[in-house]
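To start, the structure itself, in structure tokens.
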Amino acid sequence: MSESLSVTALIVAAGRGQRAGGDLPKQYRAVAGRTLLAYALEALGSAPRVSRGVVVMHPGDAERYHAVLAGLSDEVSRKYLPPVCGAETRQGSVLAGLEAAAGIAPSPDVVLIHDAARPFVSLSLIDRAIDAAASHGAAVPGVTITDTIQEIDGDGRIVATPDRRRLRAVQTPQAFRFELILAAHRRAAAAGRLDYTDDGAVAAAAGHRVQIFDGEPENLKVTTPADFVRAEVQRGGALSDIRVAQGFDVHAFAEGDHVWLGGMGIPHGRRLSGHSDADVVLHAITDALLGAIGEGDIGVHFPPSESQWGGADSSVFLKDAVARVRRRGGAIAHLDVTIVCEAPKIGPYREAMRRRIAEIAGIAVDRVAVKATTSEGLGFTGRGEGMAAFATATVRLPESPLGGA
């Protein structure tokens, strides 16, 4: 029965995350090359039983949010509806997201409410959440407490020792029948109660029984600087198979007024000739990534004999290669490219190119390097007949039980 349910994922990403430190809101900070929000969107958006997603963001984060979304595969990103602006409190932000979901027909049967600060939610946890909502109406994941918990008074003295066997540390995604949690949130807002710390508490206050189901210790919530260190170790330690591969591409000049390089149009007296947009930078990076995971080259996946790729935006090729890395459970650690040409000058466009490549690949800009050189008047590049690009990709994959791919 639960297989036929319409499931919406609501990702709460409107907070400022001040306890995490740094200049960026924590959901836009990177762990192992990707932002926390990108991990969360990827996990929920790629879950087969999730039909669509709604992201609640801070109104000042639109550019950051769309950059994260652009780095996801089309298969994942198309599940996400236009983002919703959040409120002053998490509770208000969740209600804004629920109201947005209610306004789109058909309304979901089940909603999963997840914090963007929990980047490592697994598919099995998502499945358990959906099943728990279908069975109980309101359910939250929890993990057992292994430390002794002490209740203290205002002076720091112990006043009680709760039985830890009856305690659980609650996580997200929290799962509900949609109409149940929407009504509960509306009731709390109408009563002026804005102090609930999670959605299970909102449901319980409305008189619903909330079931605990098994969470996962790996479903870490990133809150403090120390949590970022833990997340980096957790993610990086799981990706111990490090691959480095090269890519190369070359295209000749033809009549035109600009060249495509690194996903950008750069003014020039000629264009690069090719079946697609002839972006030698993105082609070289794409081949480097495909080489790192042993999946051929661009021509294997996008044959020039197929007319649909005529004039294609080469970001499509790079996004596909990135998605292949992530389907393997991997992460892109670094991309390095060297452009060989006499003209145009790359320097004025270098930083914008780095940002564009990072956006397409869904990684932090400090994991992208762009360099340029001439060939001192030698060869076809020296004669101004065309351009070339060399790329190196470093990829981290989960170690195979058999030691292979």
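So you can find residues: chains in the structure tokens are A, B, ... in the order shown, residues in each start at 1, and ligands are numbered from 1 in order.
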
Determine, counting only C-alpha atoms, which protein, DNA and RNA residues have an atom within 12 Å of an atom of Ala245 in chain A; residues of the same chain fewer than 3 positions away are not included. Present the result as a PDB file with N, CA and C atoms, in the first residue's frame.
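out_12.pdb was written with the following content:
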```
ATOM      1  N   ILE A 242      41.001   6.217  -3.818  1.00  0.00           N
ATOM      2  CA  ILE A 242      41.305   7.500  -4.464  1.00  0.00           C
ATOM      3  C   ILE A 242      41.770   7.256  -5.887  1.00  0.00           C
ATOM      4  N   PHE A 248      41.898  14.977 -22.148  1.00  0.00           N
ATOM      5  CA  PHE A 248      42.500  15.877 -23.136  1.00  0.00           C
ATOM      6  C   PHE A 248      41.484  16.139 -24.229  1.00  0.00           C
ATOM      7  N   ALA A 284      37.551  18.112 -21.645  1.00  0.00           N
ATOM      8  CA  ALA A 284      38.711  17.497 -21.012  1.00  0.00           C
ATOM      9  C   ALA A 284      38.387  17.064 -19.580  1.00  0.00           C
ATOM     10  N   ILE A 285      37.664  17.905 -18.832  1.00  0.00           N
ATOM     11  CA  ILE A 285      37.299  17.547 -17.460  1.00  0.00           C
ATOM     12  C   ILE A 285      36.356  16.353 -17.454  1.00  0.00           C
ATOM     13  N   THR A 286      35.399  16.342 -18.369  1.00  0.00           N
ATOM     14  CA  THR A 286      34.461  15.224 -18.448  1.00  0.00           C
ATOM     15  C   THR A 286      35.194  13.910 -18.685  1.00  0.00           C
ATOM     16  N   ASP A 287      36.128  13.918 -19.629  1.00  0.00           N
ATOM     17  CA  ASP A 287      36.877  12.690 -19.914  1.00  0.00           C
ATOM     18  C   ASP A 287      37.743  12.281 -18.715  1.00  0.00           C
ATOM     19  N   ALA A 288      38.287  13.255 -17.992  1.00  0.00           N
ATOM     20  CA  ALA A 288      39.077  12.922 -16.807  1.00  0.00           C
ATOM     21  C   ALA A 288      38.213  12.229 -15.758  1.00  0.00           C
ATOM     22  N   LEU A 289      37.007  12.735 -15.522  1.00  0.00           N
ATOM     23  CA  LEU A 289      36.112  12.113 -14.550  1.00  0.00           C
ATOM     24  C   LEU A 289      35.693  10.722 -14.990  1.00  0.00           C
ATOM     25  N   LEU A 290      35.340  10.582 -16.257  1.00  0.00           N
ATOM     26  CA  LEU A 290      34.952   9.260 -16.766  1.00  0.00           C
ATOM     27  C   LEU A 290      36.110   8.279 -16.657  1.00  0.00           C
ATOM     28  N   GLY A 291      37.320   8.769 -16.902  1.00  0.00           N
ATOM     29  CA  GLY A 291      38.483   7.907 -16.764  1.00  0.00           C
ATOM     30  C   GLY A 291      38.698   7.458 -15.334  1.00  0.00           C
ATOM     31  N   ALA A 292      38.428   8.352 -14.366  1.00  0.00           N
ATOM     32  CA  ALA A 292      38.640   8.013 -12.962  1.00  0.00           C
ATOM     33  C   ALA A 292      37.723   6.889 -12.498  1.00  0.00           C
ATOM     34  N   ILE A 293      36.540   6.773 -13.093  1.00  0.00           N
ATOM     35  CA  ILE A 293      35.622   5.709 -12.697  1.00  0.00           C
ATOM     36  C   ILE A 293      35.560   4.589 -13.729  1.00  0.00           C
ATOM     37  N   GLY A 294      36.433   4.666 -14.745  1.00  0.00           N
ATOM     38  CA  GLY A 294      36.522   3.583 -15.725  1.00  0.00           C
ATOM     39  C   GLY A 294      35.305   3.440 -16.598  1.00  0.00           C
ATOM     40  N   GLU A 295      34.695   4.585 -16.992  1.00  0.00           N
ATOM     41  CA  GLU A 295      33.468   4.510 -17.787  1.00  0.00           C
ATOM     42  C   GLU A 295      33.622   5.180 -19.147  1.00  0.00           C
ATOM     43  N   GLY A 296      34.746   4.911 -19.825  1.00  0.00           N
ATOM     44  CA  GLY A 296      34.904   5.355 -21.199  1.00  0.00           C
ATOM     45  C   GLY A 296      35.202   6.827 -21.330  1.00  0.00           C
ATOM     46  N   ASP A 297      34.652   7.442 -22.393  1.00  0.00           N
ATOM     47  CA  ASP A 297      34.878   8.860 -22.650  1.00  0.00           C
ATOM     48  C   ASP A 297      33.591   9.486 -23.165  1.00  0.00           C
ATOM     49  N   ILE A 332      33.977  14.172  -5.764  1.00  0.00           N
ATOM     50  CA  ILE A 332      35.043  14.798  -6.551  1.00  0.00           C
ATOM     51  C   ILE A 332      35.913  15.606  -5.601  1.00  0.00           C
ATOM     52  N   HIS A 334      39.006  17.070  -6.528  1.00  0.00           N
ATOM     53  CA  HIS A 334      39.681  18.206  -7.165  1.00  0.00           C
ATOM     54  C   HIS A 334      39.605  18.080  -8.672  1.00  0.00           C
ATOM     55  N   LEU A 335      39.498  19.223  -9.338  1.00  0.00           N
ATOM     56  CA  LEU A 335      39.553  19.297 -10.796  1.00  0.00           C
ATOM     57  C   LEU A 335      40.601  20.326 -11.178  1.00  0.00           C
ATOM     58  N   ASP A 336      41.508  19.953 -12.075  1.00  0.00           N
ATOM     59  CA  ASP A 336      42.588  20.841 -12.501  1.00  0.00           C
ATOM     60  C   ASP A 336      42.646  20.837 -14.019  1.00  0.00           C
ATOM     61  N   VAL A 337      42.651  22.022 -14.615  1.00  0.00           N
ATOM     62  CA  VAL A 337      42.671  22.099 -16.076  1.00  0.00           C
ATOM     63  C   VAL A 337      43.702  23.129 -16.529  1.00  0.00           C
ATOM     64  N   PHE A 390      44.127  20.256 -21.150  1.00  0.00           N
ATOM     65  CA  PHE A 390      44.496  19.067 -20.385  1.00  0.00           C
ATOM     66  C   PHE A 390      43.822  19.159 -19.020  1.00  0.00           C
ATOM     67  N   ALA A 391      43.223  18.086 -18.562  1.00  0.00           N
ATOM     68  CA  ALA A 391      42.547  18.106 -17.264  1.00  0.00           C
ATOM     69  C   ALA A 391      42.958  16.906 -16.435  1.00  0.00           C
ATOM     70  N   THR A 392      42.974  17.105 -15.130  1.00  0.00           N
ATOM     71  CA  THR A 392      43.198  16.023 -14.178  1.00  0.00           C
ATOM     72  C   THR A 392      42.057  16.050 -13.163  1.00  0.00           C
ATOM     73  N   ALA A 393      41.456  14.894 -12.919  1.00  0.00           N
ATOM     74  CA  ALA A 393      40.383  14.776 -11.930  1.00  0.00           C
ATOM     75  C   ALA A 393      40.818  13.831 -10.825  1.00  0.00           C
ATOM     76  N   THR A 394      40.595  14.240  -9.595  1.00  0.00           N
ATOM     77  CA  THR A 394      40.827  13.372  -8.441  1.00  0.00           C
ATOM     78  C   THR A 394      39.472  13.041  -7.830  1.00  0.00           C
ATOM     79  N   VAL A 395      39.191  11.760  -7.743  1.00  0.00           N
ATOM     80  CA  VAL A 395      37.884  11.265  -7.306  1.00  0.00           C
ATOM     81  C   VAL A 395      38.089  10.294  -6.149  1.00  0.00           C
ATOM     82  N   ARG A 396      37.184  10.367  -5.177  1.00  0.00           N
ATOM     83  CA  ARG A 396      37.213   9.424  -4.069  1.00  0.00           C
ATOM     84  C   ARG A 396      35.973   8.550  -4.141  1.00  0.00           C
TER      85      ARG A 396
END
```

Polymer residues at most 10 Å from Ala364 in chain A, only C-alpha atoms, same-chain spacing of 5 or more positions, as a PyMOL selection string: chain A and resi 28-35+68+332-334+354-355+357-359

Nearest-residue call for Phe317 in chain A, choices A:Leu282, A:Val340, A:Glu351, A:Thr373, using only C-alpha atoms: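 Looking at the shortest contact to Phe317 in chain A, the residue is A:Leu282.
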
Who sits within 10 Å of Gly92 in chain A, only C-alpha atoms, same chain under 2 positions skipped, as a PyMOL selection string: chain A and resi 86-90+94-98+185-186+188-189+194-195

Point-to-point distance from CA of Leu44 in chain A to CA of Glu399 in chain A, Å rounded to tenths: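 Interatomic distance here is 23.4 Å.
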
Distance query Gly386 in chain A at most 7 Å, only C-alpha atoms, self and fewer than 3 positions along chain excluded, as a PyMOL selection string: chain A and resi 251-253+380-381

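Rounded to one decimal, CA of Arg235 in chain A and CA of Asp199 in chain A lie 27.5 Å from each other.
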
Quick one: residues within 12 Å of Trp309 in chain A, only C-alpha atoms, excluding same-chain residues fewer than 2 positions away - as a compact mmCIF listing (two decimals) with N, CA and C atoms, in the first residue's frame?
```
# COMPACT_ATOMS: atom_id res chain seq x y z
N GLY A 274 33.11 22.21 -33.59
CA GLY A 274 32.87 20.87 -33.08
C GLY A 274 31.41 20.51 -33.21
N HIS A 275 31.06 19.24 -32.92
CA HIS A 275 29.68 18.81 -33.03
C HIS A 275 28.81 19.48 -31.97
N SER A 276 29.35 19.61 -30.73
CA SER A 276 28.64 20.32 -29.67
C SER A 276 29.10 21.78 -29.69
N ASP A 277 29.16 22.41 -28.50
CA ASP A 277 29.66 23.79 -28.47
C ASP A 277 31.18 23.86 -28.47
N ALA A 278 31.85 22.69 -28.53
CA ALA A 278 33.30 22.59 -28.67
C ALA A 278 34.05 23.19 -27.47
N ILE A 298 33.65 10.76 -23.50
CA ILE A 298 32.45 11.47 -23.96
C ILE A 298 31.82 10.78 -25.16
N GLY A 299 32.65 10.34 -26.09
CA GLY A 299 32.12 9.74 -27.31
C GLY A 299 31.32 8.48 -27.07
N HIS A 301 29.29 7.97 -24.44
CA HIS A 301 27.99 8.32 -23.88
C HIS A 301 27.23 9.34 -24.72
N PHE A 302 27.95 10.17 -25.50
CA PHE A 302 27.32 11.19 -26.33
C PHE A 302 27.94 11.13 -27.73
N PRO A 303 27.63 10.11 -28.52
CA PRO A 303 28.28 9.92 -29.82
C PRO A 303 28.05 11.10 -30.75
N PRO A 304 29.09 11.59 -31.40
CA PRO A 304 28.90 12.69 -32.36
C PRO A 304 28.05 12.29 -33.56
N SER A 305 27.84 11.00 -33.74
CA SER A 305 26.98 10.54 -34.84
C SER A 305 25.51 10.80 -34.55
N GLU A 306 25.17 11.13 -33.29
CA GLU A 306 23.78 11.37 -32.93
C GLU A 306 23.48 12.87 -33.02
N SER A 307 22.50 13.21 -33.83
CA SER A 307 22.22 14.62 -34.13
C SER A 307 21.76 15.41 -32.90
N GLY A 311 25.55 21.04 -31.40
CA GLY A 311 25.46 22.33 -30.74
C GLY A 311 25.13 22.27 -29.26
N ALA A 312 25.23 21.07 -28.65
CA ALA A 312 24.83 20.90 -27.26
C ALA A 312 25.71 21.69 -26.30
N ASP A 313 25.12 22.17 -25.23
CA ASP A 313 25.84 22.81 -24.14
C ASP A 313 26.66 21.73 -23.43
N SER A 314 27.97 21.90 -23.38
CA SER A 314 28.83 20.86 -22.83
C SER A 314 28.68 20.67 -21.34
N SER A 315 27.97 21.58 -20.65
CA SER A 315 27.69 21.33 -19.25
C SER A 315 26.84 20.07 -19.07
N VAL A 316 26.07 19.71 -20.09
CA VAL A 316 25.30 18.47 -20.05
C VAL A 316 26.23 17.27 -19.89
N PHE A 317 27.35 17.28 -20.62
CA PHE A 317 28.30 16.17 -20.56
C PHE A 317 28.96 16.09 -19.19
```

Non-local contacts of Val110 in chain A (8 Å; only C-alpha atoms; under 3 positions in same chain excluded) as a list of chain:residue names: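 Once the nearby chain positions are removed, what remains is A:Leu5, A:Ser6, A:Val7, A:Thr8, A:Ile130, A:Ala133, A:Ala134, A:Ala175, A:Phe176, A:Arg177, A:Phe178.
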
May I have the selected residues written with C-alpha atoms, as a PDB file, in the first residue's frame?
```pdb
ATOM      1  CA  LEU A   5       1.768   6.851  -1.720  1.00  0.00           C
ATOM      2  CA  SER A   6       2.667  10.294  -3.013  1.00  0.00           C
ATOM      3  CA  VAL A   7       5.674  11.384  -0.947  1.00  0.00           C
ATOM      4  CA  THR A   8       7.064  14.910  -0.701  1.00  0.00           C
ATOM      5  CA  ILE A 130       7.951   6.452   4.615  1.00  0.00           C
ATOM      6  CA  ALA A 133       4.366   7.337   8.348  1.00  0.00           C
ATOM      7  CA  ALA A 134       2.137   4.993   6.368  1.00  0.00           C
ATOM      8  CA  ALA A 175       7.603  11.454   8.634  1.00  0.00           C
ATOM      9  CA  PHE A 176       3.901  12.243   8.727  1.00  0.00           C
ATOM     10  CA  ARG A 177       0.635  11.886   6.957  1.00  0.00           C
ATOM     11  CA  PHE A 178       0.510  15.233   5.233  1.00  0.00           C
TER      12      PHE A 178
END
```

Which residue of A:Arg243, A:Asn219, A:Gln91, A:Ile126 approaches Ala201 in chain A most closely, using only C-alpha atoms: A:Gln91

From A:Ala70, A:Ala138, A:Val370, A:Ile158, residue lying nearest Ala206 in chain A [only C-alpha atoms]: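 Of the candidates, the smallest distance to Ala206 in chain A is held by A:Ala138.
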
Selection: 12 Å around Val222 in chain A, only C-alpha atoms, excl. self and same-chain fewer than 6 positions, as JSON, numbers by chain: {"A": [17, 18, 19, 20, 21, 25, 26, 27, 28, 29, 30, 31, 35, 36, 37, 115, 116, 117, 118, 119, 120, 171, 228, 229, 230, 231, 232, 234]}
